[in-house]
Protein chains: 2
Amino acid sequence: MERVPTIDTPPSRTRRAARPTQEPARPVRPPTVDTVAERAGVSRQTVSNVLNAPERVLPATRQRVQAVIDELGYRPNRLGSALQSRVTRTFGYRCHLSEDEENLLLDRFLHDLCRAAAARNHYIVLVSPPTADDELSIYHDMYRTGSVDGFVLSGTFPGDARLGTLRGWGVPVVSFGRDWDHPDAGGWVDIDGATGIAEAVEHFWSRGHRAIAWLGGASGGAGEDRRSGYRSATRTHGLAPVEIECAHSIEAAAEAAGHALDGPQPPTAFVCATDVLAVGCARAAAARHLDIGGDVGIIGFDDTRLALATSPPLSSIRQPTEHVAELLIDALIGAVAGTPPPSAMLAPRLVHRGSS
Amino acid sequence: MERVPTIDTPPSRTRRAARPTQEPARPVRPPTVDTVAERAGVSRQTVSNVLNAPERVLPATRQRVQAVIDELGYRPNRLGSALQSRVTRTFGYRCHLSEDEENLLLDRFLHDLCRAAAARNHYIVLVSPPTADDELSIYHDMYRTGSVDGFVLSGTFPGDARLGTLRGWGVPVVSFGRDWDHPDAGGWVDIDGATGIAEAVEHFWSRGHRAIAWLGGASGGAGEDRRSGYRSATRTHGLAPVEIECAHSIEAAAEAAGHALDGPQPPTAFVCATDVLAVGCARAAAARHLDIGGDVGIIGFDDTRLALATSPPLSSIRQPTEHVAELLIDALIGAVAGTPPPSAMLAPRLVHRGSS
DNA sequence: CTGAAAGCGCTTACAG
DNA sequence: CTGAAAGCGCTTACAG
């Protein structure tokens, strides 16, 4: 049994802090259920019950056991617990693959996800597949090795096979981004981009703008969704839609917007599918010595740090990522427990700054 | 034994994908060491040996066992393995606490860390303490519950107690950022900011600038380190140092830089402690209709996405975060195995863009 | 309400 | 080189 009493033991798992003097650190084990049980004079599973089903334990017993737990600073080993209960309280999330894919919105989302998980006593473990093609097989592997209980996906797109494949395998999964091919399915949270963009057009209209252009380039469903908001809003006001498309980069946007500004009927306002494009648009305007916010209005999408870097800072449509993260974690916890996860469409919010 | 043969089993852990027809999914367990052992006609630990110490197994046996492993698609359960071997192959990393703390450099570092870990068959689990004061106790808890083997810290500062405390507890830990109070200690990787900044001053000098200002505001050791590079470089060239200090925000930097530009001896070049400050500087210059890169030079630090958002984009001093991450993960893996982790000081690189 | 037993899946000494 | 045993720390039915 050789069990060392570990009162006021430091958090050591295999070795302990040397005392003030420089004695060599001795490996020592933290207390286990058995340590607690022995000391409290109860059986091992009464300790487990105190922790996991306190209502089953007589108050007096519970209190006695709890006192020992506190005294020993006992914390149940996560591995032992997970192995037996088959629940790790850990979810996997894939971060972007390369710097090219860098996405400030998703970085913010990741932090929100992490906080939401922590608040619910769960962890997020990062997944980094070598290439996009490896993603599903890595999920497969992580799930079957018992490393996680499920996954949070982001950046879904039409034709995205990930949700369907994982669900087909019985793996709990939710996504930031709707299930484009099965919008009625559960388990996703997304932002109503069309409404957000329509609001931006509305804003420019109310400020007297009549040449409001769309600057798009975000591929996939989200881009289309946002663009549809532009179309419906311009239709509402009888405006002729001017849709500018370009690759999704600051440079491409600067060139495309510049081209429009140099044309015969230059737009007085740009509604952009992302902040990246909006920054490009701002660069084109600056290069032409236009007064951003005066001569030309610009509104971006995502409200990332990028929107604060231009002069003046850019108005942008903000996605409530914190709320998204909370809903998603709740849904995923539910899914692991067997409850079909709900879906939700959230409204974005136009943040006004100098550019509009 | 009721063990279901699981050839061509999908990655299910508790339930399996229904066949094409809509049969209700039946819970099924993936194969274990025992499944493999039974089928290969060997004992359980020969299977384990094939996986963990193949040199101990006769080639013929090894091959036979391996064939069964492949056939069954067997993957050892991480939990069982970790519980027994006391190694989780997982490291904890704290992401920033709030949006105010948002730091694009560290977001990039996190991704590099994640990739470096994955390449070495390890995972990164995110830690999100409610407040900064909870950080150490959460590390404590994660370590002793067997959730991780160690931690990667970032953003160390003089007086930072985290490294010392964790090491005192016997917890393996490394940091992105030197151990300011014990620079000779191992386990950190940092960037030589002083040299990077000196290079920036050098660059401006060679371009004919003689009024080169320092714009600082990053608190802590890194800010001091960088500033010392400014001081030594200006001393080398007999320039009068002009040190502007402000809070670490775009607005504060814009105001401070603007004040200098409006003064009697406006700087013709700004060397900035971070991209955030450089962006503020660019804003001040733009507001005064100065030609950035012509009338006034600006160099930032960190080479974050922010540097690309201004017009023109900003030259910036890039930290080799990918290399940092690799060194750190290697050092931490070593530390877990008992090897004292080395430290390293890496050189940054000046990335030239339109602003200088 | 409490306890003795079985077992989650794995690896680590130790015999043979 | 291979195997029987013990055990990592925990929880889940099941008796009492």
# chains A, B, ... in the order shown; residues from 1 in each chain; ligands from 1
call {"tool": "residues_around", "arguments": {"residues": "segment 182-194 of chain B", "least_positions_apart": "3", "cutoff": "8 Å", "atoms": "only C-alpha atoms (C1' of nucleotides)", "output": "PyMOL selection string"}}
result
chain B and resi 173-179+197-198+222+225-230+319+324+327-328+331-332+340-348
call {"tool": "closest_atom_pairs", "arguments": {"of": "chain D", "to": "chain B", "cutoff": "9 Å", "atoms": "only C-alpha atoms (C1' of nucleotides)", "output": "tab-separated table"}}
result
residue	atom	partner	partner_atom	distance
D:DC1	C1'	B:Val57	CA	6.3
D:DT2	C1'	B:Thr46	CA	6.9
D:DG3	C1'	B:Ser43	CA	6.3
D:DG7	C1'	B:Gln84	CA	8.2
D:DC8	C1'	B:Gln84	CA	4.4
D:DG9	C1'	B:Leu83	CA	7.6
call {"tool": "write_last_selection", "arguments": {"atoms": "C-alpha atoms (C1' of nucleotides)", "output": "PDB file, in the first residue's frame"}}
result
ATOM      1  C1'  DC D   1      11.212 -13.863 -27.305  1.00  0.00           C
ATOM      2  C1'  DT D   2       6.562 -14.428 -25.079  1.00  0.00           C
ATOM      3  C1'  DG D   3       2.999 -14.702 -21.370  1.00  0.00           C
ATOM      4  C1'  DG D   7      -2.377  -2.386 -11.395  1.00  0.00           C
ATOM      5  C1'  DC D   8      -3.056   2.769 -13.298  1.00  0.00           C
ATOM      6  C1'  DG D   9      -7.778   5.549 -10.889  1.00  0.00           C
TER       7       DG D   9
END
call {"tool": "select_by_dssp", "arguments": {"residues": "segment 23-138 of chain A", "states": "strand (DSSP E)", "output": "PDB file with N, CA and C atoms, in the first residue's frame"}}
result
ATOM      1  N   THR A  90     -14.081  16.688 -23.295  1.00  0.00           N
ATOM      2  CA  THR A  90     -13.156  17.397 -24.178  1.00  0.00           C
ATOM      3  C   THR A  90     -13.723  17.373 -25.592  1.00  0.00           C
ATOM      4  N   PHE A  91     -13.621  18.529 -26.257  1.00  0.00           N
ATOM      5  CA  PHE A  91     -14.080  18.598 -27.638  1.00  0.00           C
ATOM      6  C   PHE A  91     -12.918  19.009 -28.528  1.00  0.00           C
ATOM      7  N   GLY A  92     -12.946  18.518 -29.751  1.00  0.00           N
ATOM      8  CA  GLY A  92     -11.900  18.884 -30.704  1.00  0.00           C
ATOM      9  C   GLY A  92     -12.337  20.054 -31.572  1.00  0.00           C
ATOM     10  N   TYR A  93     -11.380  20.887 -31.906  1.00  0.00           N
ATOM     11  CA  TYR A  93     -11.660  21.999 -32.822  1.00  0.00           C
ATOM     12  C   TYR A  93     -10.464  22.169 -33.741  1.00  0.00           C
ATOM     13  N   ARG A  94     -10.713  22.279 -35.001  1.00  0.00           N
ATOM     14  CA  ARG A  94      -9.625  22.438 -35.953  1.00  0.00           C
ATOM     15  C   ARG A  94      -9.277  23.893 -36.152  1.00  0.00           C
ATOM     16  N   TYR A 123     -13.106  21.021 -21.927  1.00  0.00           N
ATOM     17  CA  TYR A 123     -11.879  21.494 -22.553  1.00  0.00           C
ATOM     18  C   TYR A 123     -11.996  21.488 -24.071  1.00  0.00           C
ATOM     19  N   ILE A 124     -11.171  22.337 -24.679  1.00  0.00           N
ATOM     20  CA  ILE A 124     -11.038  22.317 -26.131  1.00  0.00           C
ATOM     21  C   ILE A 124      -9.633  21.849 -26.462  1.00  0.00           C
ATOM     22  N   VAL A 125      -9.555  20.833 -27.288  1.00  0.00           N
ATOM     23  CA  VAL A 125      -8.240  20.386 -27.745  1.00  0.00           C
ATOM     24  C   VAL A 125      -8.152  20.711 -29.229  1.00  0.00           C
ATOM     25  N   LEU A 126      -7.007  21.234 -29.613  1.00  0.00           N
ATOM     26  CA  LEU A 126      -6.841  21.702 -30.981  1.00  0.00           C
ATOM     27  C   LEU A 126      -6.435  20.586 -31.921  1.00  0.00           C
ATOM     28  N   VAL A 127      -6.979  20.627 -33.110  1.00  0.00           N
ATOM     29  CA  VAL A 127      -6.677  19.634 -34.122  1.00  0.00           C
ATOM     30  C   VAL A 127      -5.955  20.345 -35.252  1.00  0.00           C
TER      31      VAL A 127
END
call {"tool": "calpha_fit_and_write", "arguments": {"fixed": "chain A", "moving": "chain B", "output": "short mmCIF file (atom, residue, chain, number, x, y, z; two decimals) with C-alpha atoms, in the first residue's frame"}}
result
data_model
loop_
_atom_site.label_atom_id
_atom_site.label_comp_id
_atom_site.auth_asym_id
_atom_site.auth_seq_id
_atom_site.Cartn_x
_atom_site.Cartn_y
_atom_site.Cartn_z
CA MET B 1 -0.02 -0.35 0.24
CA GLU B 2 2.88 2.05 0.74
CA ARG B 3 0.66 5.05 0.48
CA VAL B 4 2.21 8.31 1.50
CA PRO B 5 -0.17 10.64 3.33
CA THR B 6 -0.33 13.70 1.18
CA ILE B 7 -1.79 16.43 3.28
CA ASP B 8 -0.76 19.84 2.02
CA THR B 9 0.86 18.19 -0.93
CA PRO B 10 1.79 20.52 -3.73
CA PRO B 11 0.21 19.77 -7.12
CA SER B 12 2.92 17.33 -7.96
CA ARG B 13 1.88 14.30 -9.92
CA THR B 14 5.08 12.35 -10.07
CA ARG B 15 7.43 14.39 -7.99
CA ARG B 16 6.93 16.93 -5.30
CA ALA B 17 8.43 20.33 -4.67
CA ALA B 18 11.54 20.03 -2.59
CA ARG B 19 11.19 21.49 0.86
CA PRO B 20 12.89 24.81 1.43
CA THR B 21 16.10 22.85 1.85
CA GLN B 22 17.50 21.30 -1.30
CA GLU B 23 16.49 17.71 -0.73
CA PRO B 24 16.19 15.69 -3.91
CA ALA B 25 12.58 15.62 -5.08
CA ARG B 26 10.94 12.29 -4.34
CA PRO B 27 8.26 10.98 -6.61
CA VAL B 28 4.97 10.87 -4.83
CA ARG B 29 1.47 10.14 -5.96
CA PRO B 30 -1.41 12.44 -5.29
CA PRO B 31 -4.29 11.04 -3.26
CA THR B 32 -6.79 8.74 -4.96
CA VAL B 33 -10.31 7.64 -4.15
CA ASP B 34 -8.79 4.91 -2.03
CA THR B 35 -6.76 7.33 0.02
CA VAL B 36 -9.86 9.34 0.72
CA ALA B 37 -11.99 6.29 1.41
CA GLU B 38 -9.52 4.81 3.83
CA ARG B 39 -9.13 8.03 5.73
CA ALA B 40 -12.84 8.71 5.88
CA GLY B 41 -13.57 5.15 6.88
CA VAL B 42 -15.91 4.50 3.99
CA SER B 43 -15.69 2.49 0.82
CA ARG B 44 -14.29 3.70 -2.44
CA GLN B 45 -17.60 4.17 -4.18
CA THR B 46 -19.14 6.14 -1.39
CA VAL B 47 -16.42 8.64 -2.14
CA SER B 48 -17.35 8.43 -5.77
CA ASN B 49 -20.98 8.96 -4.87
CA VAL B 50 -20.19 12.00 -2.80
CA LEU B 51 -18.61 13.44 -5.88
CA ASN B 52 -20.99 12.28 -8.59
CA ALA B 53 -24.30 11.57 -6.90
CA PRO B 54 -24.27 13.31 -3.51
CA GLU B 55 -28.02 12.83 -3.07
CA ARG B 56 -27.39 9.14 -2.58
CA VAL B 57 -25.24 9.73 0.45
CA LEU B 58 -26.39 10.48 3.96
CA PRO B 59 -25.61 14.11 4.84
CA ALA B 60 -23.44 13.10 7.77
CA THR B 61 -21.36 10.70 5.65
CA ARG B 62 -21.17 13.19 2.85
CA GLN B 63 -19.86 15.85 5.15
CA ARG B 64 -17.24 13.57 6.65
CA VAL B 65 -16.01 12.47 3.25
CA GLN B 66 -16.03 16.00 1.95
CA ALA B 67 -13.88 17.11 4.86
CA VAL B 68 -11.26 14.51 3.98
CA ILE B 69 -11.41 15.52 0.32
CA ASP B 70 -10.78 19.11 1.26
CA GLU B 71 -8.09 18.20 3.73
CA LEU B 72 -6.21 16.10 1.19
CA GLY B 73 -6.96 18.43 -1.68
CA TYR B 74 -8.19 15.42 -3.54
CA ARG B 75 -9.10 15.85 -7.22
CA PRO B 76 -10.36 12.87 -9.19
CA ASN B 77 -8.01 11.75 -11.92
CA ARG B 78 -9.47 12.70 -15.23
CA LEU B 79 -8.06 9.71 -17.04
CA GLY B 80 -9.46 7.12 -14.69
CA SER B 81 -12.77 8.85 -14.70
CA ALA B 82 -12.88 9.20 -18.47
CA LEU B 83 -11.82 5.62 -19.08
CA GLN B 84 -14.64 4.28 -17.02
CA SER B 85 -17.39 6.75 -17.81
CA ARG B 86 -16.43 6.98 -21.49
CA VAL B 87 -16.73 10.73 -21.37
CA THR B 88 -13.70 12.99 -21.60
CA ARG B 89 -15.39 16.38 -21.33
CA THR B 90 -13.13 17.43 -24.19
CA PHE B 91 -14.05 18.63 -27.65
CA GLY B 92 -11.88 18.90 -30.71
CA TYR B 93 -11.65 22.03 -32.84
CA ARG B 94 -9.60 22.47 -35.98
CA CYS B 95 -7.62 25.63 -36.25
CA HIS B 96 -6.77 26.93 -39.69
CA LEU B 97 -4.18 25.04 -41.63
CA SER B 98 -1.79 27.68 -42.85
CA GLU B 99 -1.02 31.32 -42.43
CA ASP B 100 -2.74 31.93 -45.75
CA GLU B 101 -5.92 30.74 -44.21
CA GLU B 102 -5.49 33.09 -41.29
CA ASN B 103 -8.84 34.35 -40.20
CA LEU B 104 -9.11 36.87 -37.42
CA LEU B 105 -12.77 36.18 -36.90
CA LEU B 106 -12.15 32.51 -36.26
CA ASP B 107 -9.30 33.34 -33.92
CA ARG B 108 -11.74 35.36 -31.88
CA PHE B 109 -14.27 32.56 -32.08
CA LEU B 110 -11.69 30.09 -30.84
CA HIS B 111 -11.13 32.13 -27.74
CA ASP B 112 -14.83 32.45 -27.15
CA LEU B 113 -15.18 28.72 -27.62
CA CYS B 114 -12.45 28.06 -25.13
CA ARG B 115 -14.07 30.30 -22.55
CA ALA B 116 -17.50 28.84 -23.10
CA ALA B 117 -16.10 25.34 -22.71
CA ALA B 118 -14.17 26.24 -19.57
CA ALA B 119 -17.26 27.82 -18.04
CA ARG B 120 -19.02 24.48 -18.51
CA ASN B 121 -16.15 22.44 -17.16
CA HIS B 122 -15.04 21.22 -20.56
CA TYR B 123 -11.86 21.53 -22.56
CA ILE B 124 -11.02 22.34 -26.15
CA VAL B 125 -8.22 20.41 -27.77
CA LEU B 126 -6.82 21.73 -31.00
CA VAL B 127 -6.67 19.66 -34.14
CA SER B 128 -4.12 20.44 -36.79
CA PRO B 129 -4.42 18.13 -39.80
CA PRO B 130 -1.43 18.30 -42.17
CA THR B 131 -3.79 18.98 -45.07
CA ALA B 132 -7.50 19.53 -45.44
CA ASP B 133 -7.90 16.00 -46.75
CA ASP B 134 -6.69 14.57 -43.47
CA GLU B 135 -9.28 16.36 -41.42
CA LEU B 136 -11.94 13.66 -41.25
CA SER B 137 -9.53 10.81 -40.70
CA ILE B 138 -7.97 12.71 -37.82
CA TYR B 139 -11.38 13.30 -36.28
CA HIS B 140 -12.05 9.63 -36.74
CA ASP B 141 -8.87 8.73 -34.98
CA MET B 142 -9.33 11.15 -32.11
CA TYR B 143 -12.84 9.98 -31.49
CA ARG B 144 -12.18 6.31 -31.50
CA THR B 145 -9.07 6.60 -29.36
CA GLY B 146 -11.27 8.25 -26.76
CA SER B 147 -9.47 11.58 -26.97
CA VAL B 148 -12.62 13.65 -27.36
CA ASP B 149 -16.37 13.41 -27.02
CA GLY B 150 -17.13 15.34 -30.18
CA PHE B 151 -16.18 18.20 -32.41
CA VAL B 152 -16.92 21.81 -33.19
CA LEU B 153 -16.56 22.68 -36.85
CA SER B 154 -16.36 26.11 -38.40
CA GLY B 155 -16.44 27.49 -41.90
CA THR B 156 -19.02 25.13 -43.34
CA PHE B 157 -19.84 25.51 -47.02
CA PRO B 158 -22.30 24.09 -49.53
CA GLY B 159 -21.26 20.56 -50.35
CA ASP B 160 -19.33 20.28 -47.09
CA ALA B 161 -19.27 16.57 -46.31
CA ARG B 162 -17.90 16.87 -42.81
CA LEU B 163 -21.10 17.18 -40.81
CA GLY B 164 -22.83 14.38 -42.65
CA THR B 165 -19.88 12.05 -42.50
CA LEU B 166 -19.27 12.55 -38.81
CA ARG B 167 -22.94 12.17 -37.95
CA GLY B 168 -23.05 9.05 -40.08
CA TRP B 169 -20.27 7.69 -37.93
CA GLY B 170 -22.24 8.55 -34.82
CA VAL B 171 -19.82 11.25 -33.77
CA PRO B 172 -21.36 14.22 -31.92
CA VAL B 173 -20.65 17.38 -33.87
CA VAL B 174 -21.89 20.94 -34.15
CA SER B 175 -20.81 23.78 -36.39
CA PHE B 176 -20.34 27.50 -36.52
CA GLY B 177 -21.87 27.91 -39.94
CA ARG B 178 -25.14 26.42 -41.11
CA ASP B 179 -25.52 22.98 -42.62
CA TRP B 180 -25.92 24.34 -46.12
CA ASP B 181 -27.18 21.16 -47.69
CA HIS B 182 -29.51 20.31 -44.83
CA PRO B 183 -30.59 23.63 -43.30
CA ASP B 184 -33.30 21.89 -41.31
CA ALA B 185 -30.83 19.65 -39.57
CA GLY B 186 -29.82 20.55 -36.05
CA GLY B 187 -26.48 21.31 -34.56
CA TRP B 188 -25.44 24.53 -36.21
CA VAL B 189 -25.35 28.19 -35.30
CA ASP B 190 -24.90 30.81 -37.94
CA ILE B 191 -25.19 34.52 -38.51
CA ASP B 192 -27.85 36.05 -40.71
CA GLY B 193 -25.44 37.75 -43.07
CA ALA B 194 -28.12 38.84 -45.52
CA THR B 195 -29.91 40.88 -42.90
CA GLY B 196 -26.65 42.40 -41.69
CA ILE B 197 -25.71 43.52 -45.16
CA ALA B 198 -29.19 44.82 -45.86
CA GLU B 199 -28.84 46.94 -42.76
CA ALA B 200 -25.61 48.37 -44.10
CA VAL B 201 -27.24 49.29 -47.39
CA GLU B 202 -30.09 50.82 -45.44
CA HIS B 203 -27.63 52.89 -43.46
CA PHE B 204 -25.98 54.28 -46.58
CA TRP B 205 -29.36 54.98 -48.17
CA SER B 206 -30.50 56.93 -45.16
CA ARG B 207 -27.32 58.96 -45.37
CA GLY B 208 -28.16 59.94 -48.91
CA HIS B 209 -26.00 57.51 -50.85
CA ARG B 210 -27.48 56.38 -54.16
CA ALA B 211 -24.49 54.67 -55.73
CA ILE B 212 -23.93 51.83 -53.31
CA ALA B 213 -21.68 49.04 -54.57
CA TRP B 214 -21.21 45.49 -53.39
CA LEU B 215 -17.64 44.27 -53.01
CA GLY B 216 -17.61 40.51 -52.72
CA GLY B 217 -15.08 37.78 -52.87
CA ALA B 218 -15.71 35.51 -49.94
CA SER B 219 -16.39 32.24 -51.66
CA GLY B 220 -18.91 29.68 -50.51
CA GLY B 221 -22.28 30.02 -48.94
CA ALA B 222 -21.57 32.88 -46.54
CA GLY B 223 -20.55 35.14 -49.40
CA GLU B 224 -23.70 34.29 -51.33
CA ASP B 225 -25.82 34.80 -48.27
CA ARG B 226 -24.41 38.23 -47.66
CA ARG B 227 -24.71 39.22 -51.28
CA SER B 228 -28.36 38.25 -51.30
CA GLY B 229 -28.88 40.85 -48.57
CA TYR B 230 -27.33 43.45 -50.83
CA ARG B 231 -29.60 42.46 -53.68
CA SER B 232 -32.79 42.56 -51.72
CA ALA B 233 -31.95 45.90 -50.07
CA THR B 234 -31.08 47.60 -53.34
CA ARG B 235 -34.23 46.19 -54.89
CA THR B 236 -36.27 47.60 -52.03
CA HIS B 237 -34.99 51.06 -52.77
CA GLY B 238 -35.04 50.73 -56.52
CA LEU B 239 -31.27 51.10 -56.73
CA ALA B 240 -29.30 49.61 -59.59
CA PRO B 241 -27.11 46.90 -58.06
CA VAL B 242 -23.39 47.24 -58.74
CA GLU B 243 -21.66 44.00 -57.81
CA ILE B 244 -17.90 43.92 -57.82
CA GLU B 245 -16.23 40.56 -57.39
CA CYS B 246 -12.60 39.86 -56.70
CA ALA B 247 -10.31 37.37 -55.04
CA HIS B 248 -10.35 37.43 -51.26
CA SER B 249 -7.31 39.56 -50.52
CA ILE B 250 -6.57 43.14 -49.64
CA GLU B 251 -4.66 43.61 -52.89
CA ALA B 252 -7.36 42.17 -55.10
CA ALA B 253 -9.99 44.27 -53.38
CA ALA B 254 -7.90 47.41 -53.70
CA GLU B 255 -7.56 46.83 -57.39
CA ALA B 256 -11.20 46.01 -57.99
CA ALA B 257 -12.48 48.91 -55.90
CA GLY B 258 -9.96 51.25 -57.52
CA HIS B 259 -11.17 50.20 -60.92
CA ALA B 260 -14.72 51.05 -59.94
CA LEU B 261 -13.68 54.38 -58.46
CA ASP B 262 -11.89 55.28 -61.67
CA GLY B 263 -14.93 54.38 -63.77
CA PRO B 264 -17.56 56.65 -65.23
CA GLN B 265 -20.01 56.19 -62.37
CA PRO B 266 -17.90 55.74 -59.25
CA PRO B 267 -19.76 54.34 -56.24
CA THR B 268 -20.08 56.64 -53.26
CA ALA B 269 -20.38 53.73 -50.87
CA PHE B 270 -19.08 50.18 -50.63
CA VAL B 271 -20.69 47.38 -48.73
CA CYS B 272 -18.05 44.68 -48.39
CA ALA B 273 -18.39 40.97 -47.76
CA THR B 274 -15.50 40.96 -45.26
CA ASP B 275 -13.14 43.30 -43.45
CA VAL B 276 -10.31 42.08 -45.64
CA LEU B 277 -12.10 43.41 -48.70
CA ALA B 278 -13.08 46.58 -46.89
CA VAL B 279 -9.46 47.26 -46.03
CA GLY B 280 -8.57 46.84 -49.71
CA CYS B 281 -11.34 49.22 -50.55
CA ALA B 282 -9.99 51.73 -48.05
CA ARG B 283 -6.58 51.43 -49.60
CA ALA B 284 -7.98 52.21 -53.05
CA ALA B 285 -9.79 55.22 -51.67
CA ALA B 286 -6.72 56.46 -49.82
CA ALA B 287 -4.59 56.09 -52.92
CA ARG B 288 -7.04 58.38 -54.71
CA HIS B 289 -7.00 60.88 -51.87
CA LEU B 290 -10.65 60.37 -51.22
CA ASP B 291 -12.04 61.22 -47.83
CA ILE B 292 -13.18 57.93 -46.35
CA GLY B 293 -16.40 58.48 -44.47
CA GLY B 294 -16.94 61.68 -46.46
CA ASP B 295 -16.42 61.23 -50.21
CA VAL B 296 -16.82 57.50 -49.94
CA GLY B 297 -18.43 55.25 -47.38
CA ILE B 298 -17.15 51.79 -46.51
CA ILE B 299 -18.65 49.08 -44.34
CA GLY B 300 -16.89 45.80 -43.68
CA PHE B 301 -18.03 42.51 -42.20
CA ASP B 302 -16.77 40.58 -39.14
CA ASP B 303 -15.49 43.52 -37.11
CA THR B 304 -12.04 42.08 -36.75
CA ARG B 305 -8.95 43.90 -35.57
CA LEU B 306 -8.35 44.82 -39.19
CA ALA B 307 -11.27 47.23 -39.09
CA LEU B 308 -9.45 49.28 -36.45
CA ALA B 309 -6.22 49.55 -38.38
CA THR B 310 -7.30 51.83 -41.21
CA SER B 311 -7.60 55.58 -41.02
CA PRO B 312 -10.33 56.24 -40.16
CA PRO B 313 -11.31 52.92 -38.62
CA LEU B 314 -13.95 50.99 -40.52
CA SER B 315 -17.56 50.49 -39.67
CA SER B 316 -18.18 46.78 -39.70
CA ILE B 317 -20.86 44.20 -39.12
CA ARG B 318 -20.07 42.27 -35.99
CA GLN B 319 -20.80 38.62 -35.49
CA PRO B 320 -21.76 37.71 -31.91
CA THR B 321 -19.13 34.99 -31.67
CA GLU B 322 -19.34 34.76 -27.92
CA HIS B 323 -22.99 33.86 -28.07
CA VAL B 324 -22.34 31.46 -30.94
CA ALA B 325 -19.73 29.68 -28.88
CA GLU B 326 -22.00 29.34 -25.89
CA LEU B 327 -24.87 27.94 -27.90
CA LEU B 328 -22.57 25.54 -29.68
CA ILE B 329 -20.97 24.16 -26.55
CA ASP B 330 -24.34 23.72 -24.91
CA ALA B 331 -25.66 21.95 -27.99
CA LEU B 332 -22.62 19.71 -28.18
CA ILE B 333 -22.77 18.77 -24.52
CA GLY B 334 -26.39 17.90 -25.13
CA ALA B 335 -25.55 15.89 -28.21
CA VAL B 336 -23.03 13.82 -26.29
CA ALA B 337 -25.75 13.06 -23.76
CA GLY B 338 -28.09 12.04 -26.55
CA THR B 339 -30.20 15.16 -26.99
CA PRO B 340 -30.58 16.20 -30.63
CA PRO B 341 -28.78 19.55 -30.84
CA PRO B 342 -30.84 22.60 -31.88
CA SER B 343 -29.82 25.11 -34.52
CA ALA B 344 -29.90 28.89 -34.32
CA MET B 345 -29.62 31.86 -36.61
CA LEU B 346 -28.24 34.91 -34.88
CA ALA B 347 -28.44 38.54 -35.92
CA PRO B 348 -25.24 40.51 -36.48
CA ARG B 349 -24.86 44.12 -35.42
CA LEU B 350 -23.57 47.10 -37.40
CA VAL B 351 -20.80 48.83 -35.50
CA HIS B 352 -20.46 52.44 -36.58
CA ARG B 353 -17.05 54.00 -36.98
CA GLY B 354 -15.50 56.73 -39.07
CA SER B 355 -15.87 55.10 -42.45
CA SER B 356 -19.62 55.45 -42.76
#
call {"tool": "atom_distance", "arguments": {"atom1": "atom C1' of DT11 of chain D", "atom2": "atom C1' of DA13 of chain C"}}
result
27.3 Å
call {"tool": "select_by_dssp", "arguments": {"residues": "segment 63-139 of chain A", "states": "alpha helix (DSSP H)", "output": "PyMOL selection string"}}
result
chain A and resi 63-72+78-85+104-119+135-139
